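Engineer: My structure is below; once you've seen it, I'll send some questions.
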4 protein chains.
Amino acid sequence: MNRPTEPTYYGDYLDLNTLLSTQNPKSAKYGEESHDETLFIIVHQVYELWFKQILHEMHSIAAYLKAPKLEDDHLATIVARLDRIKKIQSLLLDQLTVMESMTPMDFLEFRDLLVPASGFQSVQFREVEVLMGLRTHNRKKVDREYFLGRLNQQDRERILKIEEEKSLLELIQDWLERMPFAKKGNFDFWKEYESAVKQMLDSDEAIINNNLATLSDIQKEAQLENLQATKRTFDSLLDEKLHNEQIEKGKRKLSQKGTLNALFIMLYRNEPMLHLPYLFLNSLIDIDENFTTWRYRHALMAHRLLGTKIGTGGSSGHHYLKMAAENNRVYEDLFNLSTFILPKNLLPSLPEEVKKNLHFYFESKKN
Amino acid sequence: MNRPTEPTYYGDYLDLNTLLSTQNPKSAKYGEESHDETLFIIVHQVYELWFKQILHEMHSIAAYLKAPKLEDDHLATIVARLDRIKKIQSLLLDQLTVMESMTPMDFLEFRDLLVPASGFQSVQFREVEVLMGLRTHNRKKVDREYFLGRLNQQDRERILKIEEEKSLLELIQDWLERMPFAKKGNFDFWKEYESAVKQMLDSDEAIINNNLATLSDIQKEAQLENLQATKRTFDSLLDEKLHNEQIEKGKRKLSQKGTLNALFIMLYRNEPMLHLPYLFLNSLIDIDENFTTWRYRHALMAHRLLGTKIGTGGSSGHHYLKMAAENNRVYEDLFNLSTFILPKNLLPSLPEEVKKNLHFYFESKKN
Amino acid sequence: MNRPTEPTYYGDYLDLNTLLSTQNPKSAKYGEESHDETLFIIVHQVYELWFKQILHEMHSIAAYLKAPKLEDDHLATIVARLDRIKKIQSLLLDQLTVMESMTPMDFLEFRDLLVPASGFQSVQFREVEVLMGLRTHNRKKVDREYFLGRLNQQDRERILKIEEEKSLLELIQDWLERMPFAKKGNFDFWKEYESAVKQMLDSDEAIINNNLATLSDIQKEAQLENLQATKRTFDSLLDEKLHNEQIEKGKRKLSQKGTLNALFIMLYRNEPMLHLPYLFLNSLIDIDENFTTWRYRHALMAHRLLGTKIGTGGSSGHHYLKMAAENNRVYEDLFNLSTFILPKNLLPSLPEEVKKNLHFYFESKKN
Amino acid sequence: MNRPTEPTYYGDYLDLNTLLSTQNPKSAKYGEESHDETLFIIVHQVYELWFKQILHEMHSIAAYLKAPKLEDDHLATIVARLDRIKKIQSLLLDQLTVMESMTPMDFLEFRDLLVPASGFQSVQFREVEVLMGLRTHNRKKVDREYFLGRLNQQDRERILKIEEEKSLLELIQDWLERMPFAKKGNFDFWKEYESAVKQMLDSDEAIINNNLATLSDIQKEAQLENLQATKRTFDSLLDEKLHNEQIEKGKRKLSQKGTLNALFIMLYRNEPMLHLPYLFLNSLIDIDENFTTWRYRHALMAHRLLGTKIGTGGSSGHHYLKMAAENNRVYEDLFNLSTFILPKNLLPSLPEEVKKNLHFYFESKKN
């Protein structure tokens, strides 16, 4: 590495003169400066800096996943970077409390000057969503309009370009489909799993019947109906045709093969080799959940500032945001895997041949 | 005060021998102890200890509010105790992450032994809800059934007794209705407010029209429709008959007089005398919001543990909890006041006679 | 207000093109880019944005305090803004966990390129410290050298200029000294306080003597010595000459008059008129404490990254930081007031004449 | 598993009648009940419940470590349980803010009744410390006296019994010493490491010399002295005799062999097989740090309540606690390993024979 010849000065390294010249309250131009407009600007700028960091991590993860084979040490790196994203998300959330220190009255002082700007025009956050796997054509109609319609030409093109690349969701599906554990010689894991499921659901049915005395009629009915629904859910996982119907209805996104392998990881997470894959999947669920929480809390904050008045983008901010929070999960299929977990005593034990693959070479040699 | 004659020992003072003998995992009785059942028990016991503390605070607040006149120093105490409740709620929330350290598989090991026990049988939490102002007859039908139907005789009677007393919601309404500021001699505050509202909404309409060029037809329509809705909302606040219609429909709970005085406090919160009342109302909103968040996060946790399988109480935990989280706000009327806030420049200035009442004697004498 | 004629676009309003062009990793210039250098830059830039916001709030608070009389509604504003600073500090702290997601090995990849830049060159943070009341001549010698010696000409001049203005500490002392409550006609509060103190310390002495049986000799001696020290502490507060000696020794900063009035506020915080002043003083203590915690956690993080190796500024980062964390409290005199609090039953009751001044005009008229 | 025949009721399962009967404020017996004494009791009871849970986890971890060979899936379980302890610690910390909602004046109302009880009499917390590896003979003299001297007979015996068993620190040392990676055939890892260290320190020296122009004489001297100290630190790690001297002086606790293997894990944490061991060591550092922070924050809280007045145990609580916080780290040797981390480009690459052992069998077979 060539050594730098000049000593580095903190302020120059961070380009602080430029950075700190970008806070320009509009209220100062059109009358007296509103004290809180600086806060409004800085809060949003900090958001954008963190979005840049999140994109930096996500693109690096996508690059690892695009390789034909995911190396183990890369998997450790991916998990560490997702973990970092989770920590940043925690800041995004807490930052809302800083924003909430602005009162409605303080905000109304300069709100009119911002029209029709809107947080929906954050092209970086749009890019995060698309990269995660939220395609515009997956969005509800009115949402799609907000998603792209408010961006300027340059920003819209940036999004459309990102949409042409494989999303993390697709790359993860590819990786999951490559997993080789569940079938080995005569061993068909999913057959064994299916019979364990039957055993568990029969036991659940017995529980309901045992408790009939303590339940009202409405409750009985609700629970039996619920049990039938659970059975149908299991069927729709194990039968590829039914699974694909769910995909067509837009209720699932991940292929059956990918879903089953993800479930396998969840079930045998304590096998050494599956520990990192498990952390990987779990981090994706967390990140999805964190963005959902952030959207919801953001909607609440908008309500605190404006009630049902129109937002700066001319949108009735609150209700739209609430809707957005509910519909934009990407990895819900992974989240829903908990339905398919079995108690340890019903879990099929793996044949030695498979188990060996899930332990470390060094260890297995010793035994 | 009579001095205690015996020296106090830490363990005796806290009755630790008794306290630490109450963790008795059922799995130990019916086979091998499940390691995580202790966690399950302790997490719920800690919840119950905090609920006891919350009730201790709430009952003391109710006692202050029942007095014919709320003294200022009592108001300071009330605000401090609500603040304490908020801090406890923050622990309740964070505690969920401890519970989430239990995996579905670990939970399924002992879930069957708990049937049909359910968190809905926490009589202390039920009491918190009733005391806040959530009456069973305000609950949705299925919710009401869960609310009372699962309790044993003794616990049900405890709740029915609490329901006979005035709730915090009712006591706060009484206090708000006693407020004397808004009418004074010839000054009719709400007349002036109404004309300020008109000015603001006209300005909002102008904003929409100014931006028509940048909007699609759907957006235009949505925004104009939204503006009309905002106008109707203001009407329904200022017209007592319309307000009472909202109450009958179950959409509002607080009387018009109480609501208007609460709004007055929100609008003039920086007047010294209204600072504590403002903190009071704001804390109520926060506490309501925190319980809502807790219910929602609790539902999420149940989903992580069970997916859509049935809960220990035989309930399809997740969906019910989700519904519960959405319908059990008590102070929503206060939360919605943000809709009625005006920008500072449109806020009617108070006549000297009223303003004087809102300042400190010491100060006003000096001027 | 003149309306803006141009519609506002989110990205333009926040000057995102400029903002997002200021992340320029040095590693990219001297070889392969280190993935984590972007994180290092963004974390520090976010810090600087928040420092700018903190300065914005602090300067506005100083402006209010410079007025000959502090209006009550301004006091409410000051408390709200200090509260905002506390919320920002909470982000500063949590942000360290994002930084800690970088491993030592990752950091060592580009550390050499940053030499001799150092966080001590953050001129904005220096300004925060000076504005709060930390003068360079109050700093320990080695600390002072770091404080100014590492800044470039322009930054050093900025600090020296700020040092010429009154700090918040001085402005708060002025405000405290103006408080008129404690002496009124024949009423001399501090006489009454002194005799209450005597009563309390006599009682403490009795407690120690009562417990002599349960204590070892070392413990007895330690406690009696400690009681004498407490007596001396009270003396040094109530005797102006002794108090001034403490100031000369550098152990206290606030004048006796200011200190006593601050204590009066603490003792009677539940009197309506003293509620905001109490919140004011308490926020100052919190802010001081938060910066102390942040410095300490920052030192820990540096240790995690470097151990006892030299920092980027060529400093042995960890040890210096640890020292800095311990010596830079500004409002310690306020923090230490808890020593002088009395139990409620010993608190002198205020004469009617004084009490009236501490209640609202409106209320006192009614009584 | 035998099914329970009786349906479970929430309140019975948690033994709530007993649990909620253990809050008995002393103030109620000796006059009027102090409102805040309930809080004081409940906060401490919640602490004790969490301590019980922490002990439950720690004992289970010790049991795994006592086995002659630590299975991989047990390692995953250990890491998960340490992670749970960290989450509980986070609650312990946040709980202090609830305690801090009590004012000094409120506390002084009932403080006298608690004499001479003290948190140092929490036998469960003592057990946590001993189990982690803090032996009473490692404690400073005055600390040791507090540690055991205040306990009653029964509690003292419990601690002395725990002290006879192997602590987690000792069990971890055993496990670390069993690690077989660093020497393999002709490969002597630590030789290669030593020469990499030399290279790094030479480079550090060059950095200092390059920057001499920008440094004052004091700074130059300080940095060169610091570099020499770093060299000596490396020597004392790599030379077993010097390492043992450090142990005798009480500056290190872990054997050289254990320390080196821990460092190996830290350096090659991204090797799949070392990922869980790395998480293990890192969690121990975090847990140590969290208790340190908790002790410090606890000391701060005591100061807020009492200033320098004597505590309920007759101790000058604040100063003792501060001292305790600084001296009771157990895993400092692990924390200090960051000093010995090398930049990636200087890290010796492992021979194929060793590397193979650190990858999964399944993977290595495929390549």
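Residues in the structure tokens are named by chain (A, B, ... in the order shown) and by number from 1 within that chain; ligands are numbered from 1 in the order shown.
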Using only C-alpha atoms, determine which residues lie at most 12 Å from Ile61 of chain D, disregarding the query and same-chain residues fewer than 3 positions distant; provide the list as JSON, numbers by chain.
Structural biologist: {"B": [35], "D": [54, 55, 56, 57, 58, 64, 65, 66, 67, 70, 74, 75, 76, 77, 78, 79, 80, 81, 82, 83, 85, 131, 132, 167, 168, 169, 171, 172, 280, 284]}
Engineer: Neighbouring residues of Val46 of chain D were defined as those with any atom within 10 Å, considering only C-alpha atoms; residues of the same chain fewer than 6 positions away were excluded. Please report them as a list in words.
Structural biologist: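 Using only C-alpha atoms, the neighbours found are Leu19, Ile42, Val43, Gln45, Val46, Tyr47, Leu49 and Trp50 of chain B; Lys52, Leu92 and Gln95 of chain D.
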Engineer: Under the rule that only C-alpha atoms are counted, which of B:Asp174, B:Asp106, B:Glu129, B:Glu164 is the nearest residue to chain D?
Structural biologist: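 Of B:Asp174, B:Asp106, B:Glu129, B:Glu164, the one nearest chain D, counting only C-alpha atoms, is B:Asp106.
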Engineer: Quick one: which chain D residues come within 7 Å of chain C, and what is the nearest atom pair for each with the distance in Å to one decimal, counting only C-alpha atoms, rows ordered by chain and ascending number, as a Markdown table?
Structural biologist:
| residue | atom | partner | partner_atom | distance |
| --- | --- | --- | --- | --- |
| D:Pro104 | CA | C:Ile341 | CA | 6.7 |
| D:Met105 | CA | C:Pro343 | CA | 4.9 |
| D:Leu108 | CA | C:Pro343 | CA | 4.9 |
| D:Glu109 | CA | C:Pro343 | CA | 5.7 |
| D:Ile208 | CA | C:Gly314 | CA | 6.7 |
| D:Gln223 | CA | C:Ser315 | CA | 6.6 |
| D:Asn226 | CA | C:Ser316 | CA | 6.9 |
| D:Thr230 | CA | C:Lys309 | CA | 6.4 |
| D:Arg304 | CA | C:Ser338 | CA | 5.8 |
| D:Leu305 | CA | C:Ser338 | CA | 6.4 |
| D:Leu306 | CA | C:Thr339 | CA | 5.7 |
| D:Gly307 | CA | C:Thr339 | CA | 3.7 |
| D:Thr308 | CA | C:Thr339 | CA | 5.5 |
| D:Lys309 | CA | C:Thr339 | CA | 6.2 |
| D:Gly314 | CA | C:Ile208 | CA | 6.7 |
| D:Ser315 | CA | C:Gln223 | CA | 6.6 |
| D:Ser316 | CA | C:Asn226 | CA | 6.8 |
| D:Asn336 | CA | C:Gly307 | CA | 6.1 |
| D:Ser338 | CA | C:Gly307 | CA | 4.7 |
| D:Thr339 | CA | C:Gly307 | CA | 3.7 |
| D:Ile341 | CA | C:Met105 | CA | 6.6 |
| D:Leu342 | CA | C:Met105 | CA | 6.2 |
| D:Pro343 | CA | C:Leu108 | CA | 4.9 |
| D:Lys344 | CA | C:Met105 | CA | 5.9 |
Engineer: Within 12 Å of Glu127 of chain A, counting only C-alpha atoms, which residues show up once you throw out same-chain ones fewer than 3 positions away? Write them as an MDAnalysis selection string, please.
Structural biologist: chainID A and resid 48 51:52 54:56 58:59 120:124 130:136 147:148 155:165 167:168
Engineer: How would the residues just chosen look if you wrote them out with C-alpha atoms as a PDB file, in the first residue's frame?
Structural biologist:
ATOM      1  CA  GLU A  48     -30.085   9.614   4.394  1.00  0.00           C
ATOM      2  CA  PHE A  51     -29.594   4.751   4.235  1.00  0.00           C
ATOM      3  CA  LYS A  52     -26.338   5.149   2.315  1.00  0.00           C
ATOM      4  CA  ILE A  54     -27.395   0.302   4.638  1.00  0.00           C
ATOM      5  CA  LEU A  55     -27.140   0.272   0.840  1.00  0.00           C
ATOM      6  CA  HIS A  56     -23.359  -0.119   1.127  1.00  0.00           C
ATOM      7  CA  MET A  58     -26.722  -4.661   1.152  1.00  0.00           C
ATOM      8  CA  HIS A  59     -24.852  -4.319  -2.144  1.00  0.00           C
ATOM      9  CA  PHE A 120     -41.659   9.146  -0.264  1.00  0.00           C
ATOM     10  CA  GLN A 121     -39.189  10.925  -2.487  1.00  0.00           C
ATOM     11  CA  SER A 122     -36.240   9.422  -0.649  1.00  0.00           C
ATOM     12  CA  VAL A 123     -34.705   7.587  -3.569  1.00  0.00           C
ATOM     13  CA  GLN A 124     -32.235   5.818  -1.295  1.00  0.00           C
ATOM     14  CA  VAL A 130     -36.249  -2.724  -4.205  1.00  0.00           C
ATOM     15  CA  LEU A 131     -32.924  -4.322  -3.328  1.00  0.00           C
ATOM     16  CA  MET A 132     -34.533  -6.267  -0.505  1.00  0.00           C
ATOM     17  CA  GLY A 133     -37.057  -7.639  -2.962  1.00  0.00           C
ATOM     18  CA  LEU A 134     -40.009  -5.291  -3.004  1.00  0.00           C
ATOM     19  CA  ARG A 135     -40.701  -4.872  -6.684  1.00  0.00           C
ATOM     20  CA  THR A 136     -42.969  -2.026  -7.770  1.00  0.00           C
ATOM     21  CA  PHE A 147     -43.556   4.736  -5.030  1.00  0.00           C
ATOM     22  CA  LEU A 148     -42.482   6.003  -8.426  1.00  0.00           C
ATOM     23  CA  ASP A 155     -34.293   9.283  -9.373  1.00  0.00           C
ATOM     24  CA  ARG A 156     -36.941   7.241 -11.204  1.00  0.00           C
ATOM     25  CA  GLU A 157     -34.336   5.948 -13.609  1.00  0.00           C
ATOM     26  CA  ARG A 158     -32.075   4.958 -10.755  1.00  0.00           C
ATOM     27  CA  ILE A 159     -34.875   2.830  -9.301  1.00  0.00           C
ATOM     28  CA  LEU A 160     -35.806   1.242 -12.604  1.00  0.00           C
ATOM     29  CA  LYS A 161     -32.169   0.282 -13.126  1.00  0.00           C
ATOM     30  CA  ILE A 162     -31.939  -1.372  -9.711  1.00  0.00           C
ATOM     31  CA  GLU A 163     -35.113  -3.279 -10.493  1.00  0.00           C
ATOM     32  CA  GLU A 164     -33.373  -5.009 -13.359  1.00  0.00           C
ATOM     33  CA  GLU A 165     -30.856  -6.662 -11.024  1.00  0.00           C
ATOM     34  CA  SER A 167     -32.927  -8.701  -5.470  1.00  0.00           C
ATOM     35  CA  LEU A 168     -31.674 -10.161  -2.201  1.00  0.00           C
TER      36      LEU A 168
END
Engineer: So what do you get for atom CA of Trp190 of chain C versus atom CA of Lys166 of chain C, distance-wise?
Structural biologist: 29.4 Å
Engineer: Taking the backbone alone, and naming residues the way the document does, which bits of segment 86-180 of chain B are alpha helix (DSSP H) by DSSP, as a PyMOL selection string?
Structural biologist: chain B and resi 86-99+104-111+123-132+141-149+153-164+168-178
Engineer: Rounded to one decimal in Å, what is the spacing between atom CA of Glu192 of chain C and atom CA of Arg232 of chain C?
Structural biologist: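 For atom CA of Glu192 of chain C relative to atom CA of Arg232 of chain C, the distance reads 18.2 Å.
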Engineer: Would you return as a ChimeraX atom specification the members of segment 83-314 of chain B that DSSP assigns to strand (DSSP E) on this structure's backbone?
Structural biologist: /B:183-184,187-188
Engineer: Can you write out the residues you just picked, keeping N, CA, C and O atoms, as a short mmCIF file (atom, residue, chain, number, x, y, z; two decimals), in the first residue's frame?
Structural biologist:
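So result31.cif came out as:
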data_model
loop_
_atom_site.label_atom_id
_atom_site.label_comp_id
_atom_site.auth_asym_id
_atom_site.auth_seq_id
_atom_site.Cartn_x
_atom_site.Cartn_y
_atom_site.Cartn_z
N LYS B 183 -63.90 30.91 28.64
CA LYS B 183 -64.88 31.99 28.54
C LYS B 183 -64.67 32.97 29.68
O LYS B 183 -64.55 32.58 30.83
N LYS B 184 -64.65 34.22 29.40
CA LYS B 184 -64.31 35.24 30.40
C LYS B 184 -64.92 36.53 29.89
O LYS B 184 -64.50 37.06 28.85
N PHE B 187 -65.14 37.61 26.17
CA PHE B 187 -64.24 36.78 25.39
C PHE B 187 -64.80 35.37 25.20
O PHE B 187 -65.04 34.65 26.15
N ASP B 188 -65.05 35.02 23.96
CA ASP B 188 -65.46 33.64 23.68
C ASP B 188 -64.38 33.00 22.82
O ASP B 188 -64.34 33.20 21.60
#
